[in-house]
Each structure stands twice: as C-alpha cells, then as structure tokens.
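Data first, discussion second: the structure below is written as structure tokens.
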Amino acid sequence: MATLFDPVHIGDLALPNRVIMAPLTRMRSKQPGNVPTELMAKYYAQRASAGLIISEATQISQQGQGYPGTPGIHSSEQVEGWRLVTNAVHNAGGRIFLQLWHVGRISHRSHQPNGQLPVAPSAIKPAGGTYSADWKQVAFETPRALETHEIPAIVADYARGAQNAKDAGFDGVEVHGANGYLLDQFLQDGANQRTDHYGGSRENRARLLLEVVDAAIAIWGAGRVGVRLSPYGTFNDMKDSDPVSLFTYVLGQLNARGIAYAHIIEPRSSAAGAQDGNIAGAPEAAKLFRQAFSGSLISAGGYDREDALKVVADGYADAVAFGRLFISNPDLPERLKAGAGLNEYNRATFYGGADKGYTDYPVMGQS
Ligand SMILES: Cc1cc2nc3c(=O)[nH]c(=O)nc-3n(C[C@H](O)[C@H](O)[C@H](O)COP(=O)(O)O)c2cc1C
C-alpha cells in the first residue's frame with residue numbers, strides 16, 4: 001500500500017515523495033515589472049524537499065493580472081528572474097512547475113493595459129473585489145465580454161508563457177483552470193453565457209481550457225503539463241448548474257491527452273484563503289472524479305497529516321498538495337514523516353511584504 005512518503009512517477013517526473021507544495025500567491029515580485037527576485041528564489045529553495053513545487057500563479061500577460069505584486073511570465077526580465085528561482089530549487093535537489101494564470105474578470109482597471117476594463121467570457125460582474133495596483137481595496141466592475149476573434153491571441157499568450165517557462169528552466173507547467181479565474185469562468189455556466197462555440201454546451205465551455213492545454217502540450221509534451229481544477233468551488237463567485245457532468249467531461253478529455261496530472265481542489269477548502277485550520281469533511285471531489293481520470297491525481301484543500309495519509313492509502317489520490325502548511329513549514333515533508341509538530345502560519349504576512357512570514361519560518365530543531 002502506498003504512503004505519502006513513497007516515491008511516485010507523475011508524468012515524466014520521478015518524485016521522491018507525494019507531499020506537493022500547492023501554488024501560493026505571495027505578491028512579493030519586484031516593482032515595476034512584476035519580476036521574481038532572489039528572495040523568492042530563497043523561499044522556494046527552502047521548500048525543495050517537496051515531491052514537487054507548483055509555483056504561485058503567474059500571469060501570462062498584463063491583461064491576465066488581477067492583484068498587485070504577482071509575478072509574470074511575459075517579459076524577458078521576468079524569465080531572468082524566474083531562472084534565479086529554478087536554479088535555486090534545482091541546486092537544492094527539488095523540482096518546480098510554473099502555474100500559468102489569466103485572472104479574467106477577477107481584476108481591476110489599474111492592472112489592465114491602458115486602464116481598460118478586465119475581460120471575461122461574459123459581462124457578468126462577480127461579487128467582491130480585489131486590490132488595485134496601489135494596494136487599495138476595490139470592488140469588481142462588470143467586465144467586458146471577449147469577442148470570439150480575440151480568443152486565439154489569449155491562447156497564444158498562454159503558449160508564450162509555456163515557452164518562457166521552459167526558457168526559465170522550469171520542469172513543467174500547471175494550467176490554472178481553478179478558483180474562478182479565466183479558464184474556470186469559461187468552464188462554469190454561472191460565469192459563461194456565451195452563444196458562440198466557447199459557450200453553451202459543456203463541450204463548448206471546455207474548449208478554451210483544452211486549447212490552452214494543447215498549446216502547452218505542444219511545447220512541453222503531455223508528461224510535463226498538469227491542470228488544476230476546482231469542481232464545486234465557490235471562491236470568486238463561481239457556480240455551475242451541473243458540475244459532475246462538466247468536470248467528468250473535462251477530466252475525460254484530459255485523460256485522452258495523457259497529461260502529467262490532474263490537480264483537484266476539494267470544495268471544503270473554498271475559504272482556505274480566509275479561514276484557519278484543517279477543514280473537516282471527506283475528500284468528495286477526489287473520490288468522485290477518480291473514476292473519470294486514470295492518470296495521476298493530486299488532491300488539495302484542507303489536508304492535515306492524517307487525512308493526507310488516508311487519501312493516498314485509500315487510492316483516491318496519488319499525491320497531496322499542501323498550501324497554508326507549506327507557507328509556515330519549509331521542511332513540511334520531513335515534519336510530516338517524523339510526525340513532528342508544525343509551525344503556525346501568520347495570515348497577516350501571506351500577501352506582500354518582504355522576508356517576514358516568508359523566508360523566516362524555522363525548520364525542525366530550530367523552533
Ligand atoms: C495565501 C494563499 C495563496 C494562494 N494562491 C494560490 C495560487 O496562486 N494558485 C492556486 O491555484 N491556488 C492558490 N491558493 C489555494 C491553495 O493552493 C490551496 O488550494 C488552498 O490553500 C487549500 O489548501 P490548504 O488547506 O492546504 O491551504 C492560495 C491559498 C492561499 C492560502
């Protein structure tokens with residue numbers, strides 16, 4: 001029976017363990033230009049004992065940015081910055097994928113080229129708000145619906161991001177299809193009311209995600225492309241009238257492409273960004289969608305040690321991604337293996353700032 005601490009092959013990669021570092025936005029890139037820094041390289045290298053690190057969500061274009069300080073992968077300066085990160089992680093013995101991101105309607109004019117409105121599948125305003133380029137809380141506005149003829153350029157932006165990630169020395173890419181950002185907005189009918197061939201049926205709503213995945217595969221090969229999905233996720237005002245049918249179809253399509261892994265977020269963790277502690281409840285999504293996908297499955301969302309051991313032992317997931325616990329425990333795999341105590345995370349330092357709450361969490365024996 002597999003345990004969390006056994007090696008595993010995921011796509012083309014041989015991972016030494018199944019404790020994955022979840023993608024975590026930390027908003028500490030260098031300004032102007034959203035460029036990764038030496039401090040970011042240090043933070044990721046500290047966490048290199050993860051079976052696999054998935055980078056923080058990284059915008060593929062200026063239009064794809066929705067928060068201040070998030071790094072990009074569309075300029076040569078950003079590629080150079082990311083090379084600091086990949087070199088540091090590899091020198092520390094780790095592996096790292098880049099998460100490709102376009103936020104769609106989860107943005108604000110201050111992040112957009114020429115102060116334009118954010119774009120989305122349909123002109124539907126999400127509830128809530130974000131931070132402007134100068135870190136002020138701002139409400140979302142009604143986005144502009146993308147014209148059909150604009151969509152190929154967005155796929156091309158993803159392809160450029162995937163190629164830039166390769167040039168920057170990553171081991172692969174994860175397509176961010178979760179948490180209410182652009183690709184998820186296209187997937188779910190609560191945000192997609194289009195009448196062209198990117199809206200309507202589940203096949204049409206999945207088209208953009210699959211075009212992006214195919215573009216990434218053309219650059220990387222299927223064995224180095226993962227996809228993150230959040231069926232039932234309500235974060236960023238998401239909903240769908242029939243998530244089982246939609247995500248069963250999407251996973252079937254991903255299966256046929258032989259991608260490295262599907263990364264599924266449990267709905268119980270929708271509020272993980274705003275809530276502390278383990279979130280009780282069975283791993284419904286991993287259990288439900290395991291049948292739909294025969295490749296490697298990474299499960300995320302509200303896991304503690306016990307639940308993670310169990311989901312792997314039960315065969316519902318091949319590996320488990322940890323978010324908040326990896327923020328405060330750089331040596332999380334070693335701590336989990338030893339059954340050691342864990343550092344508590346400080347929510348106040350999740351987003352923005354410098355080394356405090358970022359690179360200063362102690363490893364075992366130091367605390
Ligand atoms: C500070 C913070 C930043 C996050 N940033 C991202 C992100 O960039 N991309 C993403 O897919 N999920 C992101 N998430 C969601 C996490 O990857 C993860 O799914 C969530 O925290 C639940 O896992 P946990 O209970 O282990 O923390 C973020 C969560 C937190 C708390």
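For the structure tokens, the naming scheme is as follows: chains receive sequential letters (A, B, ...) according to their order of presentation, residues are indexed from 1 within each chain, and ligands are indexed from 1 in presentation order.
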
Checklist entry - Hey, which residues come within 7 Å of ligand 1 if we count only C-alpha atoms and all ligand atoms? Could you give them as a ChimeraX atom specification? => result /A:22-26,56-57,176,178-179,228,265,269,272-273,278,300-303,321-325,350-351

Got time to write the residues from that selection, N, CA, C and O atoms, as an mmCIF file, in the first residue's frame?
```
data_model
loop_
_atom_site.group_PDB
_atom_site.id
_atom_site.type_symbol
_atom_site.label_atom_id
_atom_site.label_comp_id
_atom_site.auth_asym_id
_atom_site.auth_seq_id
_atom_site.Cartn_x
_atom_site.Cartn_y
_atom_site.Cartn_z
ATOM 1 N N ALA A 22 1.510 23.302 -2.840
ATOM 2 C CA ALA A 22 0.424 23.892 -3.633
ATOM 3 C C ALA A 22 0.838 25.272 -4.144
ATOM 4 O O ALA A 22 1.674 25.938 -3.532
ATOM 5 N N PRO A 23 0.260 25.717 -5.237
ATOM 6 C CA PRO A 23 0.538 27.077 -5.714
ATOM 7 C C PRO A 23 0.042 28.109 -4.707
ATOM 8 O O PRO A 23 -1.088 28.016 -4.233
ATOM 9 N N LEU A 24 0.882 29.077 -4.373
ATOM 10 C CA LEU A 24 0.562 30.055 -3.323
ATOM 11 C C LEU A 24 0.984 31.451 -3.733
ATOM 12 O O LEU A 24 2.182 31.764 -3.797
ATOM 13 N N THR A 25 0.018 32.291 -4.006
ATOM 14 C CA THR A 25 0.253 33.690 -4.346
ATOM 15 C C THR A 25 0.800 34.431 -3.130
ATOM 16 O O THR A 25 0.200 34.374 -2.054
ATOM 17 N N ARG A 26 1.922 35.120 -3.270
ATOM 18 C CA ARG A 26 2.530 35.812 -2.140
ATOM 19 C C ARG A 26 2.816 37.291 -2.439
ATOM 20 O O ARG A 26 3.248 38.035 -1.563
ATOM 21 N N GLU A 56 3.608 29.858 -7.406
ATOM 22 C CA GLU A 56 2.475 30.773 -7.286
ATOM 23 C C GLU A 56 1.921 31.065 -8.680
ATOM 24 O O GLU A 56 2.656 31.010 -9.680
ATOM 25 N N ALA A 57 0.642 31.363 -8.767
ATOM 26 C CA ALA A 57 0.017 31.694 -10.045
ATOM 27 C C ALA A 57 0.764 32.878 -10.679
ATOM 28 O O ALA A 57 1.097 33.847 -10.004
ATOM 29 N N HIS A 176 -3.712 26.779 -14.814
ATOM 30 C CA HIS A 176 -4.629 27.129 -13.717
ATOM 31 C C HIS A 176 -6.057 27.192 -14.265
ATOM 32 O O HIS A 176 -6.469 28.196 -14.841
ATOM 33 N N ALA A 178 -8.667 26.629 -12.207
ATOM 34 C CA ALA A 178 -9.458 26.560 -10.967
ATOM 35 C C ALA A 178 -9.792 27.947 -10.415
ATOM 36 O O ALA A 178 -9.428 28.981 -10.981
ATOM 37 N N ASN A 179 -10.523 27.936 -9.303
ATOM 38 C CA ASN A 179 -10.692 29.092 -8.417
ATOM 39 C C ASN A 179 -11.298 30.341 -9.052
ATOM 40 O O ASN A 179 -11.042 31.464 -8.601
ATOM 41 N N ARG A 228 -5.034 22.264 -13.034
ATOM 42 C CA ARG A 228 -5.714 22.411 -11.736
ATOM 43 C C ARG A 228 -7.182 22.779 -11.939
ATOM 44 O O ARG A 228 -7.492 23.693 -12.721
ATOM 45 N N ILE A 265 -9.020 20.467 -6.430
ATOM 46 C CA ILE A 265 -9.193 21.118 -5.124
ATOM 47 C C ILE A 265 -10.525 20.680 -4.536
ATOM 48 O O ILE A 265 -11.558 20.732 -5.209
ATOM 49 N N SER A 269 -12.411 23.414 0.807
ATOM 50 C CA SER A 269 -11.362 24.397 1.052
ATOM 51 C C SER A 269 -11.620 25.725 0.363
ATOM 52 O O SER A 269 -10.745 26.575 0.280
ATOM 53 N N ALA A 272 -10.208 28.604 2.101
ATOM 54 C CA ALA A 272 -8.900 28.422 2.736
ATOM 55 C C ALA A 272 -8.117 29.724 2.800
ATOM 56 O O ALA A 272 -7.317 29.931 3.702
ATOM 57 N N GLY A 273 -8.364 30.603 1.832
ATOM 58 C CA GLY A 273 -7.651 31.874 1.849
ATOM 59 C C GLY A 273 -8.042 32.731 3.034
ATOM 60 O O GLY A 273 -7.319 33.622 3.435
ATOM 61 N N ASN A 278 -7.444 22.978 9.697
ATOM 62 C CA ASN A 278 -7.898 21.931 8.785
ATOM 63 C C ASN A 278 -9.410 22.061 8.621
ATOM 64 O O ASN A 278 -10.114 22.435 9.544
ATOM 65 N N ALA A 300 -5.995 18.450 -3.232
ATOM 66 C CA ALA A 300 -5.620 19.593 -2.379
ATOM 67 C C ALA A 300 -6.829 20.109 -1.633
ATOM 68 O O ALA A 300 -7.963 19.934 -2.083
ATOM 69 N N GLY A 301 -6.555 20.781 -0.523
ATOM 70 C CA GLY A 301 -7.629 21.503 0.130
ATOM 71 C C GLY A 301 -7.959 21.014 1.522
ATOM 72 O O GLY A 301 -8.679 20.032 1.686
ATOM 73 N N GLY A 302 -7.403 21.698 2.522
ATOM 74 C CA GLY A 302 -7.776 21.418 3.901
ATOM 75 C C GLY A 302 -7.195 20.142 4.473
ATOM 76 O O GLY A 302 -7.738 19.580 5.420
ATOM 77 N N TYR A 303 -6.082 19.677 3.915
ATOM 78 C CA TYR A 303 -5.490 18.435 4.417
ATOM 79 C C TYR A 303 -4.610 18.652 5.643
ATOM 80 O O TYR A 303 -3.820 19.603 5.694
ATOM 81 N N ALA A 321 -1.431 17.948 -2.176
ATOM 82 C CA ALA A 321 -0.819 19.284 -2.144
ATOM 83 C C ALA A 321 -1.240 20.013 -0.869
ATOM 84 O O ALA A 321 -2.417 19.986 -0.496
ATOM 85 N N PHE A 322 -0.270 20.655 -0.239
ATOM 86 C CA PHE A 322 -0.500 21.433 0.971
ATOM 87 C C PHE A 322 -0.212 22.899 0.669
ATOM 88 O O PHE A 322 0.825 23.214 0.085
ATOM 89 N N GLY A 323 -1.106 23.772 1.095
ATOM 90 C CA GLY A 323 -0.925 25.194 0.868
ATOM 91 C C GLY A 323 -0.425 25.893 2.109
ATOM 92 O O GLY A 323 0.776 26.105 2.306
ATOM 93 N N ARG A 324 -1.361 26.222 2.994
ATOM 94 C CA ARG A 324 -1.011 27.045 4.157
ATOM 95 C C ARG A 324 0.073 26.412 5.020
ATOM 96 O O ARG A 324 0.934 27.126 5.544
ATOM 97 N N LEU A 325 0.052 25.077 5.148
ATOM 98 C CA LEU A 325 1.084 24.444 5.989
ATOM 99 C C LEU A 325 2.473 24.555 5.369
ATOM 100 O O LEU A 325 3.480 24.544 6.085
ATOM 101 N N PHE A 350 0.711 36.750 4.566
ATOM 102 C CA PHE A 350 0.518 35.934 3.351
ATOM 103 C C PHE A 350 0.859 36.752 2.099
ATOM 104 O O PHE A 350 1.550 36.279 1.205
ATOM 105 N N TYR A 351 0.301 37.959 2.035
ATOM 106 C CA TYR A 351 0.359 38.732 0.776
ATOM 107 C C TYR A 351 1.187 40.004 0.935
ATOM 108 O O TYR A 351 0.875 40.845 1.763
#
```

Item to check | Residue set, segment 45-108 of chain A restricted to strand (DSSP E), as a list of chain:residue names | outcome: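 Checking each residue of segment 45-108 of chain A, the strand (DSSP E) ones are A:Leu52, A:Ile53, A:Ile54, A:Ser55, A:Glu56, A:Ala57, A:Thr58, A:Gln59, A:Ile96, A:Phe97, A:Leu98, A:Gln99, A:Leu100, A:Trp101.
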
For the selection you just gave me, I'd like the residues written to a file as a JSON list (two decimals), in the first residue's frame, keeping C-alpha atoms.
```json
[["chain", "number", "residue", "atom", "x", "y", "z"],
["A", 52, "LEU", "CA", 7.03, 18.78, -6.48],
["A", 53, "ILE", "CA", 6.72, 22.55, -6.04],
["A", 54, "ILE", "CA", 3.99, 24.29, -8.01],
["A", 55, "SER", "CA", 4.81, 27.98, -8.29],
["A", 56, "GLU", "CA", 2.48, 30.77, -7.29],
["A", 57, "ALA", "CA", 0.02, 31.69, -10.05],
["A", 58, "THR", "CA", 1.90, 33.69, -12.67],
["A", 59, "GLN", "CA", 0.21, 35.96, -15.22],
["A", 96, "ILE", "CA", 9.24, 23.01, -9.84],
["A", 97, "PHE", "CA", 6.33, 23.62, -12.24],
["A", 98, "LEU", "CA", 5.09, 27.10, -13.16],
["A", 99, "GLN", "CA", 1.38, 27.81, -12.75],
["A", 100, "LEU", "CA", 0.08, 29.66, -15.85],
["A", 101, "TRP", "CA", -2.58, 32.26, -14.95]]
```

Checklist entry - Could you pull out all residues of segment 54-251 of chain A with a DSSP call of alpha helix (DSSP H) and give them as a PyMOL selection string? => result chain A and resi 76-91+151-167+182-187+202-205+207-220+243-251

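Here the question is which of A:Val138, A:Ala50, A:Ile298, A:Ala162 gets nearest to Ile10 of chain A using only C-alpha atoms, and that residue is A:Ile298.
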
Item to check | Proximity to Ile219 of chain A - best of A:Val244, A:Ala165, A:Ala45, A:Leu15, only C-alpha atoms | outcome: A:Ala165

Next on the checklist: Show me, as a ChimeraX atom specification, the residues that have an atom within 12 Å of Leu187 of chain A when counting only C-alpha atoms, minus same-chain residues fewer than 4 positions from it.
Outcome noted: /A:120-122,177-183,191-194,198-210,229-232,238-243,245-247,249-250

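Across A:Ser61, A:Asn17, A:Thr86, A:Gln31, the tightest approach to Pro113 of chain A is made by A:Ser61 when counting only C-alpha atoms.
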
Next on the checklist: Report, in Å to a single decimal, how far apart atom CA of Pro333 of chain A and atom CA of Arg18 of chain A are.
Outcome noted: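 Computing it gives 8.6 Å between the two atoms.
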
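If you measure from each of A:Gly233, A:Pro36, A:Gly339, A:Gly94 to Ile264 of chain A using only C-alpha atoms, the closest one turns out to be A:Gly233.
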
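Nearest to Gln163 of chain A of all the residues A:Asn34, A:Ser76, A:Thr3, A:Gln366 is A:Ser76, counting only C-alpha atoms.
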
Output as a Markdown table one row per residue of segment 192-307 of chain A within 12 Å of segment 335-338 of chain A: the closest atom pair and its distance in Å to one decimal place, counting only C-alpha atoms, sorted by chain and residue number ascending.
```
| residue | atom | partner | partner_atom | distance |
| --- | --- | --- | --- | --- |
| A:Tyr303 | CA | A:Leu336 | CA | 11.7 |
| A:Asp304 | CA | A:Leu336 | CA | 9.1 |
| A:Arg305 | CA | A:Leu336 | CA | 6.3 |
| A:Glu306 | CA | A:Leu336 | CA | 9.4 |
| A:Asp307 | CA | A:Leu336 | CA | 11.7 |
```

Item to check | Atomic distance atom CA of Asp214 of chain A - atom CA of Leu146 of chain A, expressed in Å with one decimal | outcome: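 Separation of atom CA of Asp214 of chain A and atom CA of Leu146 of chain A: 20.7 Å.
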